[in-house]
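So this one's upload.csv, CSV, C-alpha atoms:
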```
chain,number,residue,atom,x,y,z
B,239,MET,CA,0.0,0.0,0.0
B,240,ARG,CA,2.9,2.3,0.8
B,241,HIS,CA,4.3,1.9,-2.8
B,242,THR,CA,0.9,2.7,-4.3
B,243,PHE,CA,0.5,5.8,-2.2
B,244,ARG,CA,4.0,7.0,-3.1
B,245,THR,CA,3.4,6.3,-6.8
B,246,SER,CA,0.2,8.2,-6.7
B,247,LEU,CA,1.8,11.1,-4.9
B,248,PHE,CA,4.5,11.3,-7.6
B,249,ALA,CA,2.0,11.1,-10.4
B,250,PHE,CA,-0.1,13.9,-8.8
B,251,ALA,CA,3.0,16.1,-8.4
B,252,ALA,CA,4.0,15.5,-12.0
B,253,SER,CA,0.5,16.4,-13.2
B,254,LEU,CA,0.7,19.7,-11.2
B,255,GLY,CA,4.0,20.5,-13.0
B,256,LEU,CA,2.4,19.8,-16.3
B,257,ALA,CA,-0.6,21.9,-15.4
B,258,ALA,CA,1.6,24.8,-14.4
B,259,SER,CA,3.6,24.5,-17.6
B,260,ALA,CA,0.4,24.5,-19.7
B,261,ALA,CA,-0.9,27.5,-17.7
B,262,ALA,CA,2.3,29.4,-18.3
B,263,GLN,CA,2.1,28.6,-22.0
B,264,SER,CA,-1.5,29.9,-22.2
B,265,MET,CA,-0.5,33.0,-20.3
B,266,ALA,CA,2.0,33.7,-23.1
B,267,ASP,CA,-0.7,33.6,-25.8
B,268,LEU,CA,-2.3,36.8,-24.7
B,269,TYR,CA,-3.1,40.0,-26.6
B,270,PRO,CA,-3.4,43.7,-25.7
B,271,LEU,CA,-7.1,44.5,-25.0
B,272,ALA,CA,-8.9,47.3,-26.8
B,273,PRO,CA,-9.0,50.4,-24.5
B,274,GLU,CA,-12.8,50.2,-24.1
B,275,THR,CA,-12.8,46.6,-23.0
B,276,GLN,CA,-14.5,46.2,-19.6
B,277,VAL,CA,-12.3,44.5,-17.0
B,278,THR,CA,-15.1,43.5,-14.7
B,279,VAL,CA,-13.1,42.0,-12.0
B,280,LEU,CA,-11.3,45.3,-11.5
B,281,GLU,CA,-14.3,47.5,-12.2
B,282,THR,CA,-12.6,49.5,-14.9
B,283,GLN,CA,-11.7,49.6,-18.6
B,284,ALA,CA,-8.5,48.2,-20.1
B,285,GLY,CA,-7.4,51.6,-21.3
B,286,GLN,CA,-7.6,53.0,-17.8
B,287,LEU,CA,-5.1,50.4,-16.5
B,288,LYS,CA,-2.2,51.2,-18.7
B,289,GLY,CA,0.4,53.3,-16.9
B,290,LEU,CA,-1.1,52.9,-13.5
B,291,PRO,CA,1.4,52.4,-10.6
B,292,VAL,CA,1.8,48.9,-9.2
B,293,ASN,CA,2.5,48.3,-5.5
B,294,GLY,CA,3.8,45.0,-4.1
B,295,SER,CA,2.0,42.9,-1.6
B,296,GLU,CA,3.8,44.7,1.2
B,297,GLY,CA,2.5,48.1,-0.1
B,298,ALA,CA,5.6,49.6,-1.6
B,299,PRO,CA,5.7,50.8,-5.3
B,300,VAL,CA,7.3,48.2,-7.6
B,301,GLY,CA,6.4,49.2,-11.1
B,302,LEU,CA,3.8,50.2,-13.7
B,303,VAL,CA,1.1,48.5,-15.7
B,304,ALA,CA,2.4,48.2,-19.3
B,305,GLU,CA,-0.7,46.6,-20.8
B,306,ALA,CA,-4.1,45.0,-20.1
B,307,LEU,CA,-4.1,41.6,-21.7
B,308,GLY,CA,-6.8,39.1,-22.8
B,309,THR,CA,-7.5,36.0,-24.8
B,310,GLU,CA,-8.0,36.1,-28.6
B,311,GLY,CA,-11.7,36.3,-27.8
B,312,GLY,CA,-11.2,39.5,-25.9
B,313,THR,CA,-11.7,38.1,-22.4
B,314,PRO,CA,-9.6,40.1,-19.8
B,315,THR,CA,-7.1,37.7,-18.2
B,316,ALA,CA,-4.0,39.5,-17.0
B,317,VAL,CA,-1.9,42.7,-16.9
B,318,ALA,CA,1.7,43.0,-18.1
B,319,VAL,CA,3.8,44.7,-15.4
B,320,ASP,CA,7.1,46.5,-15.8
B,321,PHE,CA,8.8,46.0,-12.5
B,322,ALA,CA,11.4,48.6,-11.5
B,323,GLY,CA,13.7,46.7,-9.3
B,324,GLY,CA,13.5,45.9,-5.6
B,325,ALA,CA,12.1,42.6,-4.3
B,326,TYR,CA,10.2,42.0,-7.6
B,327,GLY,CA,13.3,42.4,-9.8
B,328,ASP,CA,13.8,44.5,-12.8
B,329,ARG,CA,11.7,42.5,-15.3
B,330,LYS,CA,9.6,44.1,-18.0
B,331,GLY,CA,6.3,42.8,-19.3
B,332,VAL,CA,5.7,40.2,-16.6
B,333,ILE,CA,2.3,38.6,-17.1
B,334,VAL,CA,0.4,38.8,-13.8
B,335,PRO,CA,-3.1,37.1,-13.8
B,336,LEU,CA,-6.0,39.3,-12.8
B,337,ALA,CA,-6.6,37.0,-9.9
B,338,ASP,CA,-3.3,38.2,-8.4
B,339,VAL,CA,-4.1,41.9,-8.4
B,340,GLN,CA,-6.5,44.4,-6.9
B,341,LEU,CA,-7.3,47.9,-7.9
B,342,GLY,CA,-7.9,50.7,-5.4
B,343,GLY,CA,-7.4,54.4,-5.5
B,344,GLY,CA,-5.8,54.3,-8.9
B,345,ILE,CA,-3.1,51.8,-7.8
B,346,VAL,CA,-2.8,48.2,-8.8
B,347,VAL,CA,-1.8,46.1,-5.8
B,348,LEU,CA,-0.3,42.7,-6.1
B,349,THR,CA,-1.7,40.0,-3.9
B,350,VAL,CA,1.2,37.6,-4.4
B,351,ASP,CA,4.8,37.7,-3.1
B,352,PRO,CA,7.9,38.4,-5.3
B,353,GLU,CA,8.8,34.7,-5.4
B,354,ARG,CA,5.5,33.9,-7.1
B,355,THR,CA,5.9,36.6,-9.8
B,356,ALA,CA,9.4,35.3,-10.6
B,357,GLU,CA,7.7,32.2,-12.1
B,358,TYR,CA,5.4,34.2,-14.4
B,359,PRO,CA,6.2,34.4,-18.1
B,360,LEU,CA,7.1,37.6,-20.0
B,361,TYR,CA,4.7,39.2,-22.4
B,362,GLU,CA,5.7,39.5,-26.1
B,363,PRO,CA,4.0,42.5,-27.6
B,364,ARG,CA,1.4,41.8,-30.3
B,365,GLU,CA,-1.1,43.9,-32.3
B,366,PRO,CA,-4.0,45.0,-30.2
B,367,LEU,CA,-7.3,43.2,-30.5
B,368,PRO,CA,-10.3,45.0,-32.0
B,369,PRO,CA,-13.2,45.7,-29.6
B,370,GLY,CA,-14.8,42.4,-28.7
B,371,GLY,CA,-11.7,40.3,-29.5
B,372,VAL,CA,-10.8,38.0,-32.4
B,373,ALA,CA,-7.4,38.9,-33.9
B,374,GLU,CA,-7.4,39.4,-37.6
```
Mind turning this structure into structure tokens?
Amino acid sequence: MRHTFRTSLFAFAASLGLAASAAAQSMADLYPLAPETQVTVLETQAGQLKGLPVNGSEGAPVGLVAEALGTEGGTPTAVAVDFAGGAYGDRKGVIVPLADVQLGGGIVVLTVDPERTAEYPLYEPREPLPPGGVAE
């Protein structure tokens, strides 16, 4: 029974690694959103996010929003953040899922620590999507 449990545990851990790898790949397949796209989870429009300051989970300024990102269908998914050094590093275009940010008082606040964002992929600029999504 011990062997079966250990085998199952390794299989589960391996599946988590594959899921994380697939998630990172899908995060890299994002597009800039049209400025008027509603980002419901943050109660704002995509165009209003670009250029906003970003604070780390501890509250200190760490960078700026470079772009609001979404799927090819135009669904808001993430923001690309240009980090400006400090605990979060000096990486440009880091794709941060919307689930890991909050918006308040015109400041985007990360809800994850620097170690977590170090695992996030970098955004490669693409042509913006038209309103409603679907790249041409």
Handout entry: Coordinates-based distance that separates atom CA of Gly311 of chain B from atom CA of Pro359 of chain B (Å, one decimal)
Key =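 Straight-line distance from atom CA of Pro359 of chain B to atom CA of Gly311 of chain B works out to 20.4 Å.
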Practice task
Find the residues with any atom within 8 Å of (-1.3, 42.9, -27.8); use all atoms listed in the file and the coordinates as given in the file, and write the answer as a ChimeraX atom specification.
Solution key: /B:268-271,305,307,362-367
Handout entry: For Gly323 of chain B, the nearest of the candidates B:Gln276, B:Asn293, B:Thr282, B:Thr349, counting all atoms listed in the file
Key =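 Smallest separation from Gly323 of chain B among the options: B:Asn293.
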Practice task
Write out as a PyMOL selection string each polymer residue whose atoms come within 7 Å of Ala316 of chain B, counting only C-alpha atoms; drop sequence neighbours fewer than 6 positions from it.
Solution key: chain B and resi 306-308+333-336
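What separates atom CA of Gly289 of chain B from atom CA of Phe321 of chain B is a distance of 12.0 Å.
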Handout entry: Pairwise distance for atom CA of Gly343 of chain B and atom CA of Ala304 of chain B, rounded to one decimal in Å
Key = 18.0 Å
Problem - Selected residue of minimal separation from Val332 of chain B among B:Gly312, B:Gly301, B:Gly285, B:Pro291, counting all atoms listed in the file - result: B:Gly301
Exercise for the section: Determine, counting all atoms listed in the file, which protein, DNA and RNA residues have an atom within 10 Å of an atom of Gly342 of chain B; residues of the same chain fewer than 3 positions away are not included. Present the result as number ranges by chain. Expected result: B: 280-281, 345-347
Problem - Shortest interatomic distance to Pro299 of chain B - which of B:Gln286, B:Arg354, B:Val319, B:Leu360, counting all atoms listed in the file - result: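 That would be B:Val319, the residue with the smallest distance to Pro299 of chain B.
Closest approach to Val279 of chain B among B:Gly344, B:Thr355, B:Thr315, B:Val350: B:Thr315, based on all atoms listed in the file.
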Problem - Which residue of B:Asp320, B:Tyr326, B:Leu302, B:Gly294 approaches Asp338 of chain B most closely, using all atoms listed in the file - result: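 Comparing B:Asp320, B:Tyr326, B:Leu302, B:Gly294 against Asp338 of chain B, the winner is B:Gly294.
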Practice task
Counting all atoms listed in the file, select every polymer residue within 8 Å of (4.5, 37.7, 0.9) as defined in the file's coordinates, and provide the selection as a list of chain:residue names.
Solution key: B:Ser295, B:Glu296, B:Val350, B:Asp351, B:Pro352
Emit the selected residues as an mmCIF file, in the coordinates of the input, including C-alpha atoms.
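Output file again.cif is given in full below:
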```
data_model
loop_
_atom_site.group_PDB
_atom_site.id
_atom_site.type_symbol
_atom_site.label_atom_id
_atom_site.label_comp_id
_atom_site.auth_asym_id
_atom_site.auth_seq_id
_atom_site.Cartn_x
_atom_site.Cartn_y
_atom_site.Cartn_z
ATOM 1 C CA SER B 295 2.000 42.900 -1.600
ATOM 2 C CA GLU B 296 3.800 44.700 1.200
ATOM 3 C CA VAL B 350 1.200 37.600 -4.400
ATOM 4 C CA ASP B 351 4.800 37.700 -3.100
ATOM 5 C CA PRO B 352 7.900 38.400 -5.300
#
```
